[in-house]
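Input: a single structure, listed below in structure tokens.
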Amino acid sequence: MIPVNEFRNIASEHNPRFRVLKPWWDVFSEYLCIAMLMIGVFGCTVQLTQEKISCLPDPFRGMSEVDIDCKYLLRPRENESLWEHLVTKEIAPNILEVIGRKNDLDIHQYIYVNSFCYERAVHWYAKYFPYLVVIHTMIFMVASNFWFKFPGTSSKIELFVSILGKCFDSPWTTRAISEVSEEAEDERTVLWRKKFNARPSATESPDKEDGEHVYMRSTSVVSETKKDEPEPAASVLDKKEGEQAKALFEKVRKFRTHVEEADLLYLMYIVQTSLKVVKFTIIMFYSVALVPNIQIVVTCIVPPDLTGFSLFCCNHNKAHIFCKLAYCYICFVGVYGLLCIYSLYWLFHRPLKVYSFEQVRLETGINDIPDVKNDFAFLFHLSDQYDPLYAKRFAVFLSEVSESRLCQVNLNHEWPVKKLRTRLSRNSSDRLELHLFKLLGLPDTVFDIPEVESLKLEQISNVTIPGTVTQLTALQELSLVYSSARLHLQALTYMRENLKVLRLNFKSAEQVPIWTYTLQNLEELHISGPLTNELSRSANLDTLRELKKLRVLTLCSKLVKIPSVVADVAGQLLRLCVHNESSPLKAFSSLKKLVHLVTLELTACELERLPSAVFSLSNLQELDLRENRLTTVEEILSLQHCRRLSTLKLWHNSITTVPEHISKLRSLETLDLSWNTIRKLPPRLCYSTKLKHLDLSHNQLTSLPPEIGILQSLWHFSVAYNSLEALPDELFSCKRLRTLALGNNSIVFLSPRVGNLAQLVRLELKGNRLESLPLEIEDCSLLKLTGLVVEDSLLDLLPSEVKRRMNER
């Protein structure tokens, strides 16, 4: 005999993990199917192990006056009346002779008659009832579990159940919920204290009130009411658990994206439930109608030529038990059908394609848990019928806040203090800098290195700087390179008091945090990113006026005009740098208000002439106009109004000539005209007697004027990468020269007067046509052999004694 479990394993889903997706009616229906299957299997067993039917010839054959069939055997009183009637008509003697008389039928004839009557006389429902029960029950089981087997749905269900179980068992779930509960309790405590404590006195610091105002109006500043307390050891995840929870977040994210796109699971469940309702209706109709056909006594007419009898009365041996089983089966099917109808009611009268975590958000305090839809929502509705706790614990892995906290825990494991110290180095400002690149967040261990002076965060999203930043007592500089950052209120207060330099690189103007413009002690602000063209009152630089100590402002963007809000810091701004990324800068009116400006850099602004607004900057000392499109600088005469101008950099342009009146710039000490196309140097340039640094490299000069000797203050002179063939002897009268760059020209002879340059420390001659070096080069008392840049072949021509003395200096 085949065990029932074998049928169950074939037709149903025996994976115990799937029980979380079976509501109570499906579980009840499954047990009903087992009961119905047992009825069918029992009926089949009885059908196969016992005789099906037993037939005997009718003793009253040939008595046509009486309409006799075998059903009279089921009516005892009618049998007695018939007996009396026969006796009164003197038929009894004949009957008495028949009683006990052999029928002359052998065993083979009985077997034949039994088989013949079973096939012809017994109703088909009575014969095949147990098989029908097994078949229908198998169909019910298959219909109930088809979505667990269908490839399009089974993969989603298996993955969901697997993730659901891991989320339920994950230690991070317990920790995340407990942390939020503790934070909520702390917040309630703080609110209670604020409500019942005395009002703040009038002597309270205005900075604190201002900081609270910033917190209220800015989402980039978050409150920090929880004190820095050590976490209990039991709540701390180890590294392995943290990595597993991190992988689980990624699985949940991908699964949600995949499942929320369609409603295949929902439709499949409706289809299989509807199929079961239709099947239930059919079974009920035909079963109720056909059960009366299961009869114990069956009349069978057999051809008399075979046995000599035409009428046989047959006893259906299993009819009685089949009848009882049929009524039980109908009852089970009826209950099963009612459950299916209830399931359809549940499917169509509840919004199962949307699942809200509102209650979970209220209970856990994790407010960013999103609602889900389509198949994802339907799966949660099913799991709620099993245990709502599954959805609650799963929801933790839908929260971005929870994920960020987990990342923080993993970061602390991955970046201990010892590892962070290996990242320390000196930056261009000679500050001890900690540079973190492409991390998932900011490790808390960063704040255990108090010697950090500069913190650079590059391509780190969702950085939250906590109040523990106060432990970085030496911190003065913060760089956020494509990294968004929020500050706790305590951190904001500390930054406002201690931060001196802030560097921001971003991809959109909205990413500039509002707290940037509340740093009252900030001295340098460097902004790089796509700012809006009009930064008047509607842009992020609106609060620039609060930066009372701002001295340096750098804007690297594609501006059309100088932002008008720079006038808000006109009273203290000393240096303005605009890097316009080869985009034309057309309006400069805001420059006129920067009366205290000392340094101005307009780089890659596509300038074709000197901006007139520059001429009104009376305190200007340095002007840098590199990487523009200047071809002439005739307006340079107007720069004499800038009486303090000492540095003029016009490098990387297309200037062909230098005007004679450049000599009017009496205060000029540094002039950089490198990387232009200048062919001739005006002699009057040499009347700028305060010149100390003159760079004419990368031009097209063919000669130098003798007046070059007038520049007695000159200590750096570069004419490298030109077309010079000879040098005037007057050049070697500039006795303060420390650097002389003559490389990559066509010079064929170096005057022995080079020995007059007693302060020379670097001489570049490589790339010329020199055949030898003058021995007087030894007279340059500060020139070492390492400071002499020349071909090795020329060095070999110097006497070894000369090289030895130069090398020993």
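Residues in the structure tokens are named by chain (A, B, ... in the order shown) and by number from 1 within that chain; ligands are numbered from 1 in the order shown.
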
Selection: 6 Å around Arg431 (chain A), only C-alpha atoms, excl. self and same-chain fewer than 4 positions, as a list in words: Arg426, Asn427 and Glu453 of chain A

Residue contacts of Leu472 (chain A) (7 Å, only C-alpha atoms) excluding same-chain residues fewer than 4 positions away, as a count of residues only: 5

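Closest approach to Phe397 (chain A) from the set A:Val481, A:Ala289, A:Ala245, A:Leu267 is made by A:Ala245, with distances taken over only C-alpha atoms.
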
Residues within 8 Å of region 546-553 of chain A, only C-alpha atoms, excluding chain neighbours under 5 positions, as a count of residues only: 18

DSSP-assigned helix (DSSP H, G or I) members of region 323-453 of chain A, reported as a PyMOL selection string: chain A and resi 323-348+358-364+374-386+389-398+400-414+417-421+444-448

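By only C-alpha atoms, and with residues fewer than 6 positions from region 319-332 of chain A along its chain excluded, the set lying at most 7 Å from it is Leu32, Met36, Ile39, Met284, Val291, Ile294, Gln295 and Ile296 of chain A.
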